[in-house]
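This report refers to the structure that appears directly beneath it.
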Amino acid sequence: MTLTLDIVLSGLVLGGMYALIALGLTLQYGIARIMNLSYGEFLVAAAFAALFLYTGMAINPVVGLLAVVPASFAGNWLLYQIVLMPLVKRAKNQGMLEVDSILGTFGVLFVIQGVMLVTFGGSLQSYSYMSVPVHILGTTLALNRVLALVFALIIGGGLYLMLTRTRYGTALRAVAVNPVSAQLSGIDIRSASALAFAAGGAIAAAGGVLISMFLTFSAASGVVFTMKALIIVIMGGVGNMLGALVAGLLLGVSETAVARLVDPGLAIAVTYALFLSVLLWRPTGLFGRPAR
Amino acid sequence: MRKYTLAAFRTLAVAAATAWTLCATAQAQDTIKIGWAISKTGPFAAGAAVTTLSNYQVWVKDVNDAGGILLKSTGKKVKIEVIEYDDRSNSEEMIKAVERLATQDKVDFILPPWSTGMNLAAAPIFNKLGYPQLAVTANTNQAPQLTKRWPNLTFWLGLPSEIVDGIVETFTKMQKEGRINKKIAMIAVGDQFGIELSSATREGLKKAGFDLVYDKSYPFGTQDMQPVLKDAQAANPDVLLAFSYPPDTFAITDTAKVIAFNPKVMFVGVGTAFPMYKGKFGANAEGIMGIGGSDAALEGIKWYVQHHKEVVGREPDRWASPITYASLQVLQQAIERVGKIDREAVIKEINTGSFDTIIGKVKLDNGLNHNIWAVGQWQGNDFYGIAPVGKQGAKAPIAPKPGWQ
């Protein structure tokens, strides 16, 4: 019993981190329809910002969120307006936009990575913040990781409610489902998409700041986060907040369970086994709509 | 492909520009061209930046500040001109860049890339082109066979078997002294590095009568060490031994602290010797063991650590960094003894000569440097070598390590 509880709680904390990474991408891909390959770079940039604020100016990362998140929102909004808008304008259909945005953001990836390399160097970065134990139901967990889980639940749950319960959320969902018809009902899809993309970038930044408290990162580690986020987004159903949250937590718990009960060497294998089975049985993801 | 020439080193650029205008009319060699292809981007960039690239930069600056490398045949010192390529952590790119350095840029010497895999991939091309390869960051048990096949290739970090011997020797001695019991938990990253070291260590520990109460590998890139460590903790060992990479090394230490897992001896993998480790964990680093180490009492090391900090802005790691710098000193001395750009003679001198370096005297044995530390331990502000136990300068280990704070 204690072991089960231990596995579930540790798994949820790991899964919370996964969900946190994925939430922004699902917003960008699901609503703004931009498959953003530079997503992980924004996350790492935020991690560097948190590191700089903490070690350089003694501003703690949680307070740092107040500066980093709005900055990333603005940066992503500008990126959408300047770099991605021309692609959106000339795309004749969604397939074309997807291909163009993948290529475009692939380039952005290298620009951001290059800037980070020049500014911070290629070395690994790591610092400790809130790395203290908390005891929950007899299980010992690290406070910084629990905090990441809490943020994931707040952001994921909040966005889910916003999208399903508010008027503006409904408009965003309309853009996600059918941009052409959405326009007919008077929704400004460009500003809605730009906002969704920027919000996704802001969430990525929140994830980056929180994760920097316990993960070691370098200017080159963005792609690792993009990959993980992509798996979770596809598993959860593109554009579905609740899906990303559930898929992330599911991955965390199954990885932990396999590591504890079977063998730690299989922890990554189980990720892909789950991913594959979801794709086989529910190609649109756990919470995805049936194919359009 | 990006090409970084002197522009990367502002001070150097000025120096070289002056040298260029002064010597433009001279017929003889004005500069010595030294090139390298190294991972400045991609997954290897972090490791290359910590250990290799910074030492290349420090050494080039040191040589040029001192007027250059003395070529007896011309009777004057020549400054180093650097040609640098980014291999983007891709071995094919690296090989192409090395070929280009030799055939198009016509450099006089090529410094090696970073990591075991990259150096092994580079070995055939370095040999074909006839350049000495001082493969400092390569660590493989095949080294003795490889140096026989390719005499231009030299290894500097010791063999994995030497590291394993050092670990087994250290633990055996502690066990005999009654400071630890026979229960050891071992975890290793599931790639070539982790598997090679853990299987050799498993054998060595069993032969020495130790009891492996937990023995698992985890996938490369694992970010959450809690499941592994909780099970290791449940096995109640006196020793936790981990063959890990820097991100996992940090995560293992951090998690062990959080779940209050405090074995009497804690040995973690690559990254322990980084100054950043001490920076991150502070007083909690005390007593932690890892691969590498240095004899901080050595004058050369004292000078080097301080100097590296002044030039690069941070301290060097205490495993491969001092050895990298020492290998470059060897290269310089070998070139100066030969007195001209004769790569074959320089290779011979590197292999047979005896050199004074920051890590002390270096004399290669069949292309292998044995002046290495297998096990180090954080004691106070430095990561001291503690094994091989008989090596001069070896510190006595602190065991049991102090509790987490």
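How things are named: the first chain in the structure tokens is A, the next is B, and so on; residues count from 1 in each chain; ligands count from 1 in the order shown.
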**Study point:** Polymer residues at most 6 Å from segment 217-226 of chain A, only C-alpha atoms, same-chain spacing of 6 or more positions, as a PyMOL selection string
**Key:** (chain A and resi 39-41+44+116-117+122-125) or (chain B and resi 42)
**Study point:** Residue contacts of Gly15 of chain A (9 Å, only C-alpha atoms) excluding same-chain residues fewer than 5 positions away, as an MDAnalysis selection string
**Key:** chainID A and resid 10 20 149 245:253 255
Output file for the residues above (N, CA and C atoms, as a tab-separated table (two decimals), in the first residue's frame):
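And here is the file that came out, out-v4.tsv:
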chain	number	residue	atom	x	y	z
A	10	SER	N	4.91	10.03	-6.50
A	10	SER	CA	6.13	10.40	-7.23
A	10	SER	C	5.84	10.50	-8.72
A	20	LEU	N	3.30	20.21	-17.66
A	20	LEU	CA	3.67	21.63	-17.69
A	20	LEU	C	4.42	21.97	-18.98
A	149	LEU	N	4.13	20.61	-10.33
A	149	LEU	CA	2.86	19.90	-10.48
A	149	LEU	C	1.68	20.83	-10.21
A	245	LEU	N	-2.82	17.40	-19.85
A	245	LEU	CA	-2.64	17.21	-18.41
A	245	LEU	C	-2.71	15.73	-18.06
A	246	VAL	N	-3.75	15.07	-18.58
A	246	VAL	CA	-3.92	13.66	-18.26
A	246	VAL	C	-2.79	12.82	-18.86
A	247	ALA	N	-2.44	13.12	-20.13
A	247	ALA	CA	-1.38	12.34	-20.78
A	247	ALA	C	-0.06	12.51	-20.03
A	248	GLY	N	0.23	13.73	-19.61
A	248	GLY	CA	1.48	13.97	-18.87
A	248	GLY	C	1.51	13.20	-17.57
A	249	LEU	N	0.41	13.28	-16.82
A	249	LEU	CA	0.36	12.58	-15.53
A	249	LEU	C	0.42	11.07	-15.73
A	250	LEU	N	-0.26	10.60	-16.78
A	250	LEU	CA	-0.26	9.17	-17.08
A	250	LEU	C	1.16	8.69	-17.37
A	251	LEU	N	1.88	9.46	-18.18
A	251	LEU	CA	3.26	9.08	-18.49
A	251	LEU	C	4.11	9.05	-17.23
A	252	GLY	N	3.95	10.07	-16.40
A	252	GLY	CA	4.74	10.13	-15.17
A	252	GLY	C	4.49	8.93	-14.28
A	253	VAL	N	3.22	8.60	-14.07
A	253	VAL	CA	2.90	7.48	-13.18
A	253	VAL	C	3.38	6.16	-13.79
A	255	GLU	N	5.83	5.67	-15.96
A	255	GLU	CA	7.29	5.57	-15.91
A	255	GLU	C	7.76	5.19	-14.52
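Picture a line from atom CA of Met235 of chain A to atom CA of Gly265 of chain A; it runs 22.2 Å.
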**Study point:** Residues of chain A within 10 Å of chain B, only C-alpha atoms counted, as a count of residues only
**Key:** 55
Review point. When distances are computed from only C-alpha atoms, which of B:Gly353, B:Gly117, B:Gly67, B:Pro316 shows the smallest separation from Gly367 of chain B?
Key: B:Gly353
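The coordinates place atom CA of Ser191 of chain A at 10.2 Å from atom CA of Leu172 of chain A.
One distance worth recording is that between atom CA of Lys33 of chain B and atom CA of Ile110 of chain B, which is 8.7 Å.
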Exercise for review: Considering only C-alpha atoms, return as a PyMOL selection string whatever protein or nucleic-acid residues lie within 7 Å of segment 326-332 of chain B, sequence-local ones (same chain, fewer than 4 positions apart) excluded.
Suggested key: chain B and resi 69+134+322+336+350+355+357-359
Would you mind exporting C-alpha atoms of the selected residues as a PDB file, in the first residue's frame?
ATOM      1  CA  ILE B  69      56.148  28.567 -30.169  1.00  0.00           C
ATOM      2  CA  LEU B 134      46.122  13.704 -28.439  1.00  0.00           C
ATOM      3  CA  PRO B 322      44.122  19.737 -16.212  1.00  0.00           C
ATOM      4  CA  GLU B 336      59.899  23.016 -29.818  1.00  0.00           C
ATOM      5  CA  ILE B 350      55.283  12.880 -27.947  1.00  0.00           C
ATOM      6  CA  PHE B 355      57.648  16.330 -20.307  1.00  0.00           C
ATOM      7  CA  THR B 357      53.522  19.773 -17.175  1.00  0.00           C
ATOM      8  CA  ILE B 358      51.044  21.189 -14.685  1.00  0.00           C
ATOM      9  CA  ILE B 359      50.088  17.652 -13.617  1.00  0.00           C
TER      10      ILE B 359
END
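Neighbours of Gln145 of chain B closer than or equal to 12 Å, with only C-alpha atoms counted and sequence neighbours fewer than 4 positions away skipped, come out as Thr140, Asn141, Arg149, Trp150, Pro151, Leu153, Thr154, Phe155, Leu159, Asn366, Gly367 and Leu368 of chain B.
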